[in-house]
>>> print(open('final.txt').read())   # compact mmCIF, C-alpha atoms (C1' of nucleotides)
# COMPACT_ATOMS: atom_id res chain seq x y z
CA MET J 1 55.89 -66.31 -69.20
CA LYS J 2 58.16 -63.97 -71.04
CA ARG J 3 56.60 -60.56 -70.89
CA ALA J 4 58.29 -57.20 -71.25
CA GLY J 5 58.53 -54.68 -68.44
CA LYS J 6 58.08 -56.85 -65.35
CA ALA J 7 60.96 -55.36 -63.38
CA PHE J 8 59.88 -51.86 -64.41
CA PHE J 9 56.37 -52.60 -63.21
CA THR J 10 57.24 -53.73 -59.70
CA GLU J 11 59.92 -51.10 -59.17
CA ASN J 12 57.81 -48.16 -60.27
CA LEU J 13 54.68 -49.39 -58.56
CA LEU J 14 56.55 -49.40 -55.25
CA ILE J 15 58.00 -45.95 -55.95
CA TRP J 16 54.50 -44.66 -56.68
CA ASN J 17 53.34 -46.21 -53.43
CA SER J 18 55.99 -44.67 -51.22
CA GLU J 19 56.15 -41.24 -52.87
CA ILE J 20 52.68 -40.49 -54.21
CA ASN J 21 50.09 -42.81 -52.70
CA THR J 22 48.18 -41.11 -49.89
CA ARG J 23 45.21 -43.47 -49.67
CA ASN J 24 44.23 -44.12 -46.07
CA MET J 25 41.90 -46.72 -44.57
CA PRO J 26 41.34 -47.92 -41.01
CA TRP J 27 42.82 -51.37 -41.67
CA LYS J 28 45.84 -50.14 -43.63
CA GLY J 29 49.07 -51.14 -41.91
CA GLU J 30 47.05 -53.23 -39.46
CA LYS J 31 49.01 -56.20 -38.08
CA ASP J 32 46.29 -57.90 -36.03
CA PRO J 33 45.28 -60.87 -38.22
CA TYR J 34 41.77 -60.83 -36.77
CA ARG J 35 41.20 -57.25 -37.87
CA ILE J 36 42.76 -57.89 -41.26
CA TRP J 37 40.59 -60.95 -41.76
CA LEU J 38 37.45 -59.07 -40.71
CA SER J 39 38.20 -56.24 -43.12
CA GLU J 40 38.87 -58.65 -45.99
CA ILE J 41 35.63 -60.57 -45.49
CA ILE J 42 33.66 -57.33 -45.37
CA LEU J 43 35.38 -56.02 -48.49
CA GLN J 44 34.76 -59.07 -50.69
CA GLN J 45 32.92 -57.71 -53.75
CA THR J 46 32.27 -54.57 -51.73
CA ARG J 47 33.55 -51.04 -52.19
CA VAL J 48 35.84 -49.67 -49.53
CA GLU J 49 33.49 -46.75 -48.84
CA GLN J 50 30.58 -49.12 -48.31
CA GLY J 51 32.45 -51.55 -46.06
CA TRP J 52 34.24 -48.93 -43.96
CA PRO J 53 31.45 -48.16 -41.43
CA TYR J 54 30.61 -51.86 -41.10
CA TYR J 55 34.25 -52.58 -40.23
CA GLU J 56 34.24 -49.87 -37.56
CA ARG J 57 31.05 -51.22 -36.02
CA PHE J 58 32.22 -54.83 -36.04
CA ILE J 59 35.54 -53.98 -34.39
CA LYS J 60 33.71 -52.04 -31.72
CA ALA J 61 31.11 -54.75 -31.11
CA TYR J 62 33.58 -57.63 -31.36
CA PRO J 63 37.11 -56.52 -30.39
CA THR J 64 38.55 -60.04 -30.62
CA VAL J 65 37.76 -63.22 -32.50
CA ASN J 66 36.52 -64.75 -29.25
CA HIS J 67 33.95 -61.99 -28.86
CA LEU J 68 32.70 -62.71 -32.36
CA ALA J 69 32.71 -66.47 -31.81
CA ARG J 70 30.56 -66.11 -28.69
CA ALA J 71 27.95 -63.85 -30.29
CA SER J 72 24.58 -65.20 -31.42
CA ASP J 73 23.93 -65.73 -35.12
CA ASP J 74 21.01 -63.32 -35.16
CA GLU J 75 22.96 -60.54 -33.48
CA VAL J 76 25.83 -60.82 -35.95
CA PHE J 77 23.44 -60.91 -38.89
CA ARG J 78 21.81 -57.78 -37.52
CA HIS J 79 25.21 -56.08 -37.68
CA TRP J 80 25.72 -57.38 -41.23
CA GLN J 81 22.26 -56.20 -42.37
CA GLY J 82 22.44 -54.15 -45.56
CA LEU J 83 25.90 -55.28 -46.62
CA GLY J 84 24.71 -58.08 -48.92
CA TYR J 85 26.12 -61.50 -49.79
CA TYR J 86 24.90 -62.85 -46.48
CA ASN J 87 26.70 -66.19 -46.76
CA ARG J 88 29.84 -64.19 -46.03
CA CYS J 89 28.38 -63.53 -42.60
CA ARG J 90 27.57 -67.18 -41.94
CA ASN J 91 31.01 -68.31 -43.09
CA MET J 92 32.66 -65.57 -41.05
CA LEU J 93 30.91 -66.81 -37.92
CA ALA J 94 31.90 -70.40 -38.65
CA ALA J 95 35.52 -69.36 -39.12
CA ALA J 96 35.52 -67.30 -35.93
CA ARG J 97 34.27 -70.32 -33.99
CA THR J 98 36.89 -72.54 -35.62
CA ILE J 99 39.64 -70.14 -34.62
CA SER J 100 38.26 -69.77 -31.12
CA LYS J 101 37.94 -73.51 -30.53
CA ASP J 102 40.48 -75.32 -32.72
CA TYR J 103 43.16 -72.62 -32.51
CA GLN J 104 42.44 -71.34 -28.97
CA GLY J 105 41.72 -67.90 -30.38
CA GLN J 106 45.11 -67.64 -32.08
CA PHE J 107 44.73 -66.85 -35.78
CA PRO J 108 46.37 -69.53 -38.00
CA HIS J 109 49.83 -68.62 -39.27
CA THR J 110 50.23 -70.42 -42.59
CA TYR J 111 48.70 -69.69 -45.98
CA GLU J 112 47.20 -73.17 -46.20
CA SER J 113 45.57 -73.07 -42.76
CA ILE J 114 44.20 -69.59 -43.44
CA LEU J 115 42.84 -70.76 -46.80
CA ALA J 116 41.08 -73.65 -45.07
CA LEU J 117 38.87 -71.24 -43.08
CA LYS J 118 35.25 -70.91 -44.20
CA GLY J 119 34.74 -67.95 -46.52
CA VAL J 120 38.44 -67.54 -47.19
CA GLY J 121 39.55 -68.09 -50.78
CA ALA J 122 42.81 -67.50 -52.61
CA TYR J 123 42.54 -63.73 -52.53
CA THR J 124 41.66 -63.38 -48.84
CA ALA J 125 44.27 -65.95 -47.77
CA ALA J 126 47.00 -64.10 -49.68
CA ALA J 127 45.90 -60.78 -48.20
CA ILE J 128 45.95 -62.04 -44.61
CA ALA J 129 49.19 -64.02 -45.06
CA SER J 130 51.03 -61.04 -46.52
CA PHE J 131 49.58 -58.23 -44.41
CA ALA J 132 49.76 -60.02 -41.06
CA TYR J 133 52.83 -62.21 -41.48
CA GLY J 134 54.72 -60.90 -44.52
CA LEU J 135 54.32 -64.23 -46.30
CA PRO J 136 55.12 -64.09 -50.06
CA HIS J 137 51.64 -64.53 -51.57
CA ALA J 138 50.37 -62.13 -54.22
CA VAL J 139 46.77 -60.94 -54.03
CA VAL J 140 44.63 -61.28 -57.16
CA ASP J 141 41.45 -59.23 -56.95
CA GLY J 142 39.50 -57.08 -59.37
CA ASN J 143 42.10 -54.33 -59.13
CA VAL J 144 44.94 -56.71 -59.97
CA TYR J 145 43.12 -58.18 -62.96
CA ARG J 146 42.57 -54.72 -64.35
CA VAL J 147 46.06 -53.36 -63.74
CA LEU J 148 47.82 -56.41 -65.16
CA ALA J 149 45.48 -56.84 -68.12
CA ARG J 150 46.13 -53.26 -69.15
CA TYR J 151 49.83 -52.98 -68.41
CA PHE J 152 50.68 -56.28 -70.11
CA GLY J 153 47.92 -56.06 -72.72
CA ILE J 154 46.46 -59.43 -71.73
CA GLN J 155 43.32 -60.35 -73.65
CA THR J 156 42.50 -63.56 -71.78
CA PRO J 157 39.09 -63.12 -70.10
CA THR J 158 39.45 -62.85 -66.34
CA ASP J 159 36.29 -64.84 -65.58
CA THR J 160 37.64 -68.14 -66.90
CA THR J 161 39.80 -70.85 -65.37
CA GLU J 162 42.53 -70.12 -67.88
CA GLY J 163 42.44 -66.42 -67.08
CA LYS J 164 42.59 -66.97 -63.35
CA LYS J 165 45.61 -69.26 -63.76
CA GLU J 166 47.42 -66.87 -66.06
CA PHE J 167 46.86 -63.76 -63.94
CA THR J 168 47.67 -65.57 -60.70
CA LEU J 169 50.96 -66.87 -62.10
CA LEU J 170 51.95 -63.46 -63.40
CA ALA J 171 50.98 -61.76 -60.14
CA GLY J 172 53.25 -64.14 -58.26
CA GLU J 173 56.16 -63.31 -60.56
CA LEU J 174 55.67 -59.58 -60.05
CA LEU J 175 55.45 -59.74 -56.26
CA ASP J 176 58.38 -58.25 -54.35
CA LYS J 177 58.78 -61.08 -51.86
CA THR J 178 60.91 -58.98 -49.52
CA GLN J 179 57.97 -56.60 -48.94
CA SER J 180 54.84 -58.51 -49.92
CA ALA J 181 52.56 -56.50 -47.63
CA ALA J 182 53.62 -53.17 -49.12
CA TYR J 183 53.50 -54.56 -52.66
CA ASN J 184 50.01 -56.07 -52.28
CA GLN J 185 48.68 -52.89 -50.73
CA ALA J 186 50.32 -50.86 -53.46
CA ILE J 187 48.84 -52.71 -56.42
CA MET J 188 45.32 -52.55 -55.01
CA ASP J 189 45.61 -48.87 -54.13
CA PHE J 190 47.02 -48.24 -57.59
CA GLY J 191 44.08 -50.00 -59.21
CA ALA J 192 41.63 -48.02 -57.10
CA VAL J 193 43.25 -44.60 -57.43
CA VAL J 194 45.08 -44.53 -60.79
CA CYS J 195 44.19 -47.53 -62.98
CA LYS J 196 40.46 -47.19 -62.26
CA PRO J 197 37.71 -49.03 -64.18
CA GLN J 198 36.39 -45.80 -65.70
CA GLN J 199 38.39 -42.74 -66.53
CA PRO J 200 41.78 -44.07 -65.45
CA ALA J 201 44.40 -41.41 -64.74
CA CYS J 202 46.71 -42.44 -67.57
CA SER J 203 48.08 -38.93 -68.05
CA SER J 204 49.63 -38.97 -64.60
CA CYS J 205 50.39 -42.69 -64.49
CA PRO J 206 54.03 -43.54 -63.77
CA LEU J 207 53.63 -46.86 -65.63
CA SER J 208 52.10 -45.49 -68.82
CA THR J 209 55.36 -45.49 -70.78
CA GLN J 210 55.47 -49.28 -70.52
CA CYS J 211 51.70 -49.91 -70.43
CA LEU J 212 50.78 -51.96 -73.49
CA ALA J 213 47.10 -51.01 -73.38
CA TYR J 214 47.93 -47.33 -73.14
CA GLN J 215 50.48 -47.51 -75.92
CA THR J 216 48.00 -49.25 -78.21
CA GLY J 217 44.84 -47.36 -77.22
CA ARG J 218 43.05 -50.26 -75.56
CA VAL J 219 42.84 -49.06 -71.96
CA GLU J 220 39.03 -48.82 -71.99
CA GLN J 221 38.64 -52.31 -73.49
CA LEU J 222 40.66 -54.17 -70.87
CA PRO J 223 40.22 -56.32 -68.90
CA LEU J 224 38.01 -58.65 -70.94
CA LYS J 225 35.17 -60.72 -69.52
CA THR J 226 33.03 -63.31 -71.26
CA LYS J 227 29.89 -64.04 -69.32
CA LYS J 228 26.72 -62.15 -69.78
CA ILE J 229 24.21 -62.88 -67.08
CA MET J 230 20.49 -63.28 -67.57
CA ILE J 231 18.41 -61.22 -65.16
CA ARG J 232 15.21 -62.84 -63.91
CA GLN J 233 12.17 -61.00 -62.58
CA ARG J 234 10.45 -62.13 -59.38
CA PHE J 235 7.27 -60.82 -57.82
CA PHE J 236 7.15 -60.90 -54.02
CA TYR J 237 3.93 -60.19 -52.16
CA TYR J 238 4.51 -59.79 -48.46
CA ILE J 239 1.57 -60.21 -46.11
CA ILE J 240 2.01 -58.15 -42.98
CA LEU J 241 -0.47 -59.87 -40.72
CA ILE J 242 -0.89 -57.95 -37.46
CA TYR J 243 -2.55 -59.17 -34.28
CA ASN J 244 -2.51 -56.75 -31.38
CA LYS J 245 0.81 -55.09 -32.19
CA GLN J 246 2.39 -58.39 -33.06
CA VAL J 247 3.38 -59.49 -36.54
CA TYR J 248 4.36 -62.75 -38.24
CA ILE J 249 7.90 -63.14 -39.53
CA ARG J 250 10.21 -66.01 -40.37
CA LYS J 251 13.86 -66.60 -41.12
CA ARG J 252 14.66 -67.51 -44.72
CA LYS J 253 16.27 -70.94 -44.72
CA GLU J 254 16.00 -72.20 -48.28
CA LYS J 255 18.85 -72.03 -50.78
CA ASP J 256 17.89 -68.71 -52.30
CA ILE J 257 18.60 -65.04 -51.90
CA TRP J 258 18.66 -63.50 -48.42
CA GLN J 259 19.39 -66.74 -46.59
CA ASN J 260 19.28 -66.22 -42.82
CA LEU J 261 17.53 -62.88 -43.10
CA HIS J 262 13.96 -62.41 -41.92
CA GLU J 263 10.79 -61.54 -43.80
CA PHE J 264 7.03 -61.33 -43.51
CA ILE J 265 4.64 -63.92 -44.91
CA LEU J 266 5.77 -64.31 -48.50
CA LEU J 267 3.53 -65.14 -51.44
CA GLU J 268 5.71 -65.26 -54.52
CA GLN J 269 3.85 -65.07 -57.83
CA PRO J 270 5.12 -65.91 -61.32
CA CYS J 271 3.68 -62.63 -62.63
CA PRO J 272 2.14 -59.45 -61.25
CA VAL J 273 -1.29 -59.82 -59.63
CA THR J 274 -3.87 -57.46 -58.18
CA GLN J 275 -4.82 -57.37 -54.54
CA ALA J 276 -8.00 -59.31 -55.28
CA GLU J 277 -6.14 -61.95 -57.28
CA LEU J 278 -3.63 -62.28 -54.49
CA LEU J 279 -6.31 -62.88 -51.88
CA ALA J 280 -7.93 -65.46 -54.16
CA SER J 281 -4.67 -67.21 -54.99
CA GLU J 282 -3.82 -70.77 -54.11
CA GLY J 283 -0.71 -69.59 -52.26
CA TYR J 284 -2.81 -67.39 -50.02
CA ARG J 285 -5.19 -70.19 -49.05
CA ALA J 286 -2.26 -72.48 -48.33
CA ALA J 287 -0.41 -69.91 -46.20
CA LEU J 288 -3.34 -68.42 -44.31
CA PRO J 289 -6.06 -71.06 -43.95
CA GLY J 290 -9.16 -69.67 -42.30
CA VAL J 291 -7.65 -66.42 -41.10
CA SER J 292 -10.09 -63.59 -40.51
CA PHE J 293 -8.85 -60.04 -41.04
CA LYS J 294 -9.43 -56.52 -42.25
CA VAL J 295 -7.44 -55.32 -45.28
CA GLU J 296 -5.44 -52.18 -44.53
CA GLY J 297 -4.05 -51.78 -48.01
CA LEU J 298 -1.47 -52.74 -50.58
CA SER J 299 1.73 -50.73 -50.85
CA ALA J 300 3.32 -49.39 -53.99
CA PRO J 301 5.84 -51.73 -55.64
CA TYR J 302 9.36 -51.72 -54.17
CA LYS J 303 11.91 -52.63 -56.79
CA GLN J 304 15.36 -53.93 -55.93
CA GLN J 305 17.99 -54.75 -58.54
CA LEU J 306 20.21 -57.69 -57.57
CA THR J 307 23.03 -59.05 -59.66
CA HIS J 308 20.96 -61.86 -61.21
CA GLN J 309 17.40 -60.91 -60.33
CA THR J 310 15.00 -58.02 -60.16
CA ILE J 311 12.81 -58.22 -57.08
CA ILE J 312 9.47 -56.41 -57.28
CA ALA J 313 7.88 -56.47 -53.86
CA GLN J 314 4.54 -55.21 -52.57
CA PHE J 315 3.30 -55.24 -49.01
CA LEU J 316 -0.27 -56.08 -48.05
CA THR J 317 -1.14 -55.15 -44.49
CA LEU J 318 -3.86 -57.22 -42.82
CA ARG J 319 -5.32 -56.55 -39.39
CA GLY J 320 -6.21 -59.89 -37.83
CA LYS J 321 -9.44 -60.49 -35.92
CA GLY J 322 -9.89 -62.78 -32.93
CA ARG J 323 -7.16 -65.02 -31.68
CA ALA J 324 -3.81 -65.08 -33.49
CA PRO J 325 -3.44 -68.48 -35.16
CA ALA J 326 -0.24 -70.51 -35.21
CA LEU J 327 1.20 -70.40 -38.71
CA GLU J 328 3.58 -73.14 -39.77
CA GLY J 329 7.12 -71.83 -40.11
CA TYR J 330 6.32 -68.34 -38.84
CA GLN J 331 6.75 -66.72 -35.46
CA LEU J 332 4.69 -63.94 -33.96
CA VAL J 333 6.86 -61.11 -32.66
CA PRO J 334 6.00 -57.72 -31.14
CA GLN J 335 6.32 -54.90 -33.62
CA SER J 336 8.63 -53.09 -31.20
CA MET J 337 11.12 -55.97 -31.51
CA LEU J 338 11.54 -55.79 -35.29
CA ASN J 339 14.78 -53.84 -34.91
CA ASP J 340 16.38 -56.93 -33.40
CA TYR J 341 16.00 -58.90 -36.63
CA ALA J 342 17.99 -58.60 -39.83
CA PHE J 343 15.86 -57.89 -42.92
CA PRO J 344 16.76 -57.48 -46.60
CA LYS J 345 17.01 -53.97 -47.96
CA THR J 346 13.63 -54.19 -49.67
CA ILE J 347 11.90 -54.75 -46.35
CA THR J 348 13.86 -52.19 -44.33
CA SER J 349 13.11 -49.64 -47.05
CA TYR J 350 9.43 -50.37 -46.74
CA LEU J 351 9.54 -50.24 -42.94
CA GLU J 352 11.28 -46.88 -43.00
CA LYS J 353 8.98 -45.37 -45.59
CA SER J 354 5.79 -46.71 -44.07
CA ALA J 355 6.91 -45.75 -40.56
CA LEU J 356 5.55 -49.14 -39.59
CA GLY J 357 8.56 -49.79 -37.42
CA LEU J 358 8.18 -46.46 -35.66
CA THR J 359 4.69 -45.25 -34.99
CA LEU J 360 2.55 -48.33 -35.23
CA PHE J 361 5.11 -50.68 -33.77
C1' DA P 1 33.33 -74.94 -65.95
C1' DA P 2 29.19 -72.48 -64.69
C1' DT P 3 26.20 -70.41 -61.62
C1' DG P 4 24.31 -67.83 -57.72
C1' DC P 5 24.86 -64.59 -54.23
C1' DG P 6 23.41 -57.88 -52.39
C1' DG P 7 23.74 -53.49 -52.31
C1' DG P 8 25.51 -49.27 -53.88
C1' DG P 9 28.27 -46.04 -56.77
C1' DT P 10 29.50 -44.29 -61.43
C1' DT P 11 28.88 -43.26 -66.09
C1' DA E 1 20.82 -49.56 -68.21
C1' DA E 2 25.37 -51.46 -67.75
C1' DC E 3 29.29 -52.16 -65.25
C1' DC E 4 31.97 -52.87 -61.26
C1' DC E 5 33.41 -53.53 -56.50
C1' DA E 6 39.92 -55.91 -51.57
C1' DG E 7 35.41 -63.14 -54.06
C1' DC E 8 33.62 -67.47 -52.54
C1' DA E 9 30.98 -71.79 -52.36
C1' DT E 10 28.48 -75.06 -54.71
C1' DT E 11 27.27 -78.15 -58.38
>>> encode(input="final.txt", output="structure tokens")
Amino acid sequence: MKRAGKAFFTENLLIWNSEINTRNMPWKGEKDPYRIWLSEIILQQTRVEQGWPYYERFIKAYPTVNHLARASDDEVFRHWQGLGYYNRCRNMLAAARTISKDYQGQFPHTYESILALKGVGAYTAAAIASFAYGLPHAVVDGNVYRVLARYFGIQTPTDTTEGKKEFTLLAGELLDKTQSAAYNQAIMDFGAVVCKPQQPACSSCPLSTQCLAYQTGRVEQLPLKTKKIMIRQRFFYYIILIYNKQVYIRKRKEKDIWQNLHEFILLEQPCPVTQAELLASEGYRAALPGVSFKVEGLSAPYKQQLTHQTIIAQFLTLRGKGRAPALEGYQLVPQSMLNDYAFPKTITSYLEKSALGLTLF
DNA sequence: AATGCGGGGTT
DNA sequence: AACCCAGCATT
């Protein structure tokens, strides 16, 4: 690719990094590959400010990869609760156990072996390889797409195969291979601090004189993306069935949102229904055959916006009479134990607001 | 090549 | 309401 200003870009980015950049984060300059890996998994599609406290808690709870590998799934998911994209947690655990068993707890040392770990893609492998071992692999994340698209005026959409190839190739050409860790850290910090998505600091940008987007007034338009996602609505009705300070929950197993998190008895409906309609529904009869109870009440709707779906959840509390029946797929747990299980945000929000987890439980 | 996967901040 | 965030796995 023959593009103008490549040498200027790398040189001045590194000058900005050493002379102006003051960004500080707990994992910055870290050389322990386990800690670097942990931070990178947590930060996938996650803002630094959001991931920061999770990183601190994980390092404290699991100081080494062997500690993490030995932990139970449910305990680790409880630590991950609220961070989202829960398959990251499952893959992280699988990778920790691979490293503990197949590598005797020693983190793999090559780009290819790092890339082979569950939950590690091209970005994360490049980050670990460069930060921990100084290997010459350029990171390509959302920051890099934005910085390069603007500086070089690239109009190829970033969410296509062609775009990924083009940006990855260019990023590799720009990398200073003698200091790949510093360079990779610099370009991401630069994207976060100067070349931000909104209101970039072009007036104080040391690259603006050679920035094609800035020179042609297209900074706000770049980078380009193509896909527009359709957002689906779903109506969740959770039955909180209580018998003597115990409540039914289950772990979500199906290929759907919130896999491996817990929930109450779920009746999903294709459209909103009233309390009476819910109790008369086919789903209710199938889930709770012959259960006798007293209705405590239906909660207000709890709305949660996900990337591809809007979840509208309501909670119906039922006080069971007589003996607690066995319900297929559900377990009966004491209300005081709910804090040991990981729940999606919608449910923890309800539990906090209703004080169900505090006073009643 | 397209799609699904959370939760939160910013504008 | 729309967009984005230290992306990845699956189909």
>>> interface_residues(input="final.txt", of="chain J", to="chain E", cutoff="10 Å", atoms="all atoms listed in the file", output="ChimeraX atom specification")
/J:39-48,50,85,87-88,91,118-124,127,139-144,185,188-189,192,197-198
>>> closest_atom_pairs(input="final.txt", of="chain J", to="chain P", cutoff="10 Å", atoms="all atoms listed in the file", output="tab-separated table")
residue	atom	partner	partner_atom	distance
J:Gln45	CA	P:DG6	C1'	9.6
J:Thr46	CA	P:DG7	C1'	8.6
J:Arg47	CA	P:DG8	C1'	8.4
J:Glu49	CA	P:DG9	C1'	9.5
J:Gln50	CA	P:DG8	C1'	7.5
J:Gly82	CA	P:DG7	C1'	6.9
J:Leu83	CA	P:DG7	C1'	6.3
J:Gly84	CA	P:DG6	C1'	3.7
J:Tyr85	CA	P:DG6	C1'	5.2
J:Tyr86	CA	P:DG6	C1'	7.9
J:Asn87	CA	P:DC5	C1'	7.9
J:Arg88	CA	P:DC5	C1'	9.6
J:Thr160	CA	P:DA1	C1'	8.1
J:Thr161	CA	P:DA1	C1'	7.7
J:Pro197	CA	P:DT10	C1'	9.9
J:Gln198	CA	P:DT11	C1'	7.9
J:Gln199	CA	P:DT11	C1'	9.5
J:Lys227	CA	P:DA2	C1'	9.7
J:Ile229	CA	P:DT3	C1'	9.5
J:Lys255	CA	P:DG4	C1'	9.8
J:Asp256	CA	P:DC5	C1'	8.3
J:Ile257	CA	P:DC5	C1'	6.7
J:Trp258	CA	P:DG6	C1'	8.4
J:Gln259	CA	P:DC5	C1'	9.6
J:Gln304	CA	P:DG7	C1'	9.1
J:Gln305	CA	P:DG7	C1'	8.6
J:Leu306	CA	P:DG6	C1'	6.1
J:Thr307	CA	P:DG6	C1'	7.4
J:His308	CA	P:DG4	C1'	7.7
J:Pro344	CA	P:DG6	C1'	8.8
J:Lys345	CA	P:DG7	C1'	8.0
>>> atom_distance(input="final.txt", atom1="atom CA of Pro157 of chain J", atom2="atom CA of Leu222 of chain J")
9.1 Å
>>> closest_residue(input="final.txt", among="J:Ala129, J:Leu170, J:Ala61, J:Val247", to="Lys6 of chain J", atoms="all atoms listed in the file")
J:Leu170
>>> residues_near_point(input="final.txt", point="(50.3, -44.4, -66.8)", cutoff="12 Å", atoms="all atoms listed in the file", output="PDB file with C-alpha atoms, in the frame of the given file")
ATOM      1  CA  PHE J   9      56.370 -52.600 -63.210  1.00  0.00           C
ATOM      2  CA  ASN J  12      57.810 -48.160 -60.270  1.00  0.00           C
ATOM      3  CA  LEU J  13      54.680 -49.390 -58.560  1.00  0.00           C
ATOM      4  CA  TRP J  16      54.500 -44.660 -56.680  1.00  0.00           C
ATOM      5  CA  VAL J 147      46.060 -53.360 -63.740  1.00  0.00           C
ATOM      6  CA  ARG J 150      46.130 -53.260 -69.150  1.00  0.00           C
ATOM      7  CA  TYR J 151      49.830 -52.980 -68.410  1.00  0.00           C
ATOM      8  CA  PHE J 190      47.020 -48.240 -57.590  1.00  0.00           C
ATOM      9  CA  GLY J 191      44.080 -50.000 -59.210  1.00  0.00           C
ATOM     10  CA  VAL J 193      43.250 -44.600 -57.430  1.00  0.00           C
ATOM     11  CA  VAL J 194      45.080 -44.530 -60.790  1.00  0.00           C
ATOM     12  CA  CYS J 195      44.190 -47.530 -62.980  1.00  0.00           C
ATOM     13  CA  LYS J 196      40.460 -47.190 -62.260  1.00  0.00           C
ATOM     14  CA  PRO J 200      41.780 -44.070 -65.450  1.00  0.00           C
ATOM     15  CA  ALA J 201      44.400 -41.410 -64.740  1.00  0.00           C
ATOM     16  CA  CYS J 202      46.710 -42.440 -67.570  1.00  0.00           C
ATOM     17  CA  SER J 203      48.080 -38.930 -68.050  1.00  0.00           C
ATOM     18  CA  SER J 204      49.630 -38.970 -64.600  1.00  0.00           C
ATOM     19  CA  CYS J 205      50.390 -42.690 -64.490  1.00  0.00           C
ATOM     20  CA  PRO J 206      54.030 -43.540 -63.770  1.00  0.00           C
ATOM     21  CA  LEU J 207      53.630 -46.860 -65.630  1.00  0.00           C
ATOM     22  CA  SER J 208      52.100 -45.490 -68.820  1.00  0.00           C
ATOM     23  CA  THR J 209      55.360 -45.490 -70.780  1.00  0.00           C
ATOM     24  CA  GLN J 210      55.470 -49.280 -70.520  1.00  0.00           C
ATOM     25  CA  CYS J 211      51.700 -49.910 -70.430  1.00  0.00           C
ATOM     26  CA  LEU J 212      50.780 -51.960 -73.490  1.00  0.00           C
ATOM     27  CA  ALA J 213      47.100 -51.010 -73.380  1.00  0.00           C
ATOM     28  CA  TYR J 214      47.930 -47.330 -73.140  1.00  0.00           C
ATOM     29  CA  GLN J 215      50.480 -47.510 -75.920  1.00  0.00           C
ATOM     30  CA  VAL J 219      42.840 -49.060 -71.960  1.00  0.00           C
TER      31      VAL J 219
END
>>> decode(input="final.txt", residues="chain P", atoms="N, CA, C and O atoms (P, O5', C5', C4', C3', O3' and C1' of nucleotides)", output="short mmCIF file (atom, residue, chain, number, x, y, z; two decimals), in the first residue's frame")
data_model
loop_
_atom_site.label_atom_id
_atom_site.label_comp_id
_atom_site.auth_asym_id
_atom_site.auth_seq_id
_atom_site.Cartn_x
_atom_site.Cartn_y
_atom_site.Cartn_z
P DA P 1 -15.81 -12.21 2.44
"O5'" DA P 1 -17.29 -12.40 2.97
"C5'" DA P 1 -18.34 -12.71 2.06
"C4'" DA P 1 -19.66 -12.70 2.79
"C3'" DA P 1 -19.95 -11.40 3.54
"O3'" DA P 1 -21.35 -11.13 3.47
"C1'" DA P 1 -19.85 -13.21 5.08
P DA P 2 -21.97 -9.83 4.17
"O5'" DA P 2 -22.90 -10.44 5.31
"C5'" DA P 2 -23.07 -11.85 5.37
"C4'" DA P 2 -24.07 -12.24 6.44
"C3'" DA P 2 -24.65 -11.12 7.31
"O3'" DA P 2 -25.94 -11.51 7.73
"C1'" DA P 2 -23.25 -12.50 8.65
P DT P 3 -26.78 -10.53 8.67
"O5'" DT P 3 -26.62 -11.26 10.08
"C5'" DT P 3 -26.91 -12.65 10.17
"C4'" DT P 3 -26.65 -13.14 11.58
"C3'" DT P 3 -27.17 -12.19 12.67
"O3'" DT P 3 -27.99 -12.93 13.55
"C1'" DT P 3 -24.92 -12.79 13.08
P DG P 4 -28.89 -12.15 14.60
"O5'" DG P 4 -28.22 -12.57 15.98
"C5'" DG P 4 -27.98 -13.94 16.24
"C4'" DG P 4 -27.13 -14.08 17.47
"C3'" DG P 4 -27.54 -13.17 18.63
"O3'" DG P 4 -27.52 -13.94 19.81
"C1'" DG P 4 -25.27 -12.83 18.12
P DC P 5 -28.18 -13.42 21.10
"O5'" DC P 5 -26.93 -13.06 22.00
"C5'" DC P 5 -26.03 -14.10 22.34
"C4'" DC P 5 -24.78 -13.49 22.91
"C3'" DC P 5 -25.07 -12.43 23.99
"O3'" DC P 5 -24.31 -12.75 25.14
"C1'" DC P 5 -23.49 -11.65 22.42
P DG P 6 -24.77 -12.13 26.51
"O5'" DG P 6 -24.88 -10.61 26.04
"C5'" DG P 6 -25.71 -9.72 26.68
"C4'" DG P 6 -25.10 -9.23 27.98
"C3'" DG P 6 -25.99 -8.28 28.74
"O3'" DG P 6 -25.55 -8.31 30.09
"C1'" DG P 6 -24.18 -7.08 27.82
P DG P 7 -26.43 -7.73 31.21
"O5'" DG P 7 -25.78 -6.30 31.47
"C5'" DG P 7 -24.45 -6.25 31.97
"C4'" DG P 7 -23.90 -4.87 31.72
"C3'" DG P 7 -24.82 -3.72 32.17
"O3'" DG P 7 -24.14 -3.03 33.19
"C1'" DG P 7 -23.84 -3.31 30.06
P DG P 8 -24.82 -1.83 33.96
"O5'" DG P 8 -24.03 -0.59 33.37
"C5'" DG P 8 -22.61 -0.63 33.32
"C4'" DG P 8 -22.10 0.50 32.48
"C3'" DG P 8 -22.78 1.85 32.74
"O3'" DG P 8 -21.78 2.83 32.85
"C1'" DG P 8 -22.77 1.40 30.46
P DG P 9 -22.12 4.24 33.57
"O5'" DG P 9 -21.43 5.27 32.59
"C5'" DG P 9 -20.11 5.01 32.13
"C4'" DG P 9 -19.88 5.75 30.84
"C3'" DG P 9 -20.36 7.21 30.88
"O3'" DG P 9 -19.31 8.04 30.44
"C1'" DG P 9 -21.25 6.07 28.98
P DT P 10 -19.52 9.63 30.57
"O5'" DT P 10 -19.87 10.04 29.08
"C5'" DT P 10 -19.10 9.52 28.01
"C4'" DT P 10 -19.63 10.04 26.69
"C3'" DT P 10 -20.15 11.49 26.75
"O3'" DT P 10 -19.58 12.21 25.67
"C1'" DT P 10 -21.79 10.06 25.81
P DT P 11 -19.72 13.80 25.63
"O5'" DT P 11 -20.77 13.97 24.46
"C5'" DT P 11 -20.57 13.28 23.23
"C4'" DT P 11 -21.81 13.38 22.37
"C3'" DT P 11 -22.48 14.76 22.40
"O3'" DT P 11 -22.71 15.18 21.06
"C1'" DT P 11 -24.06 13.08 22.82
#
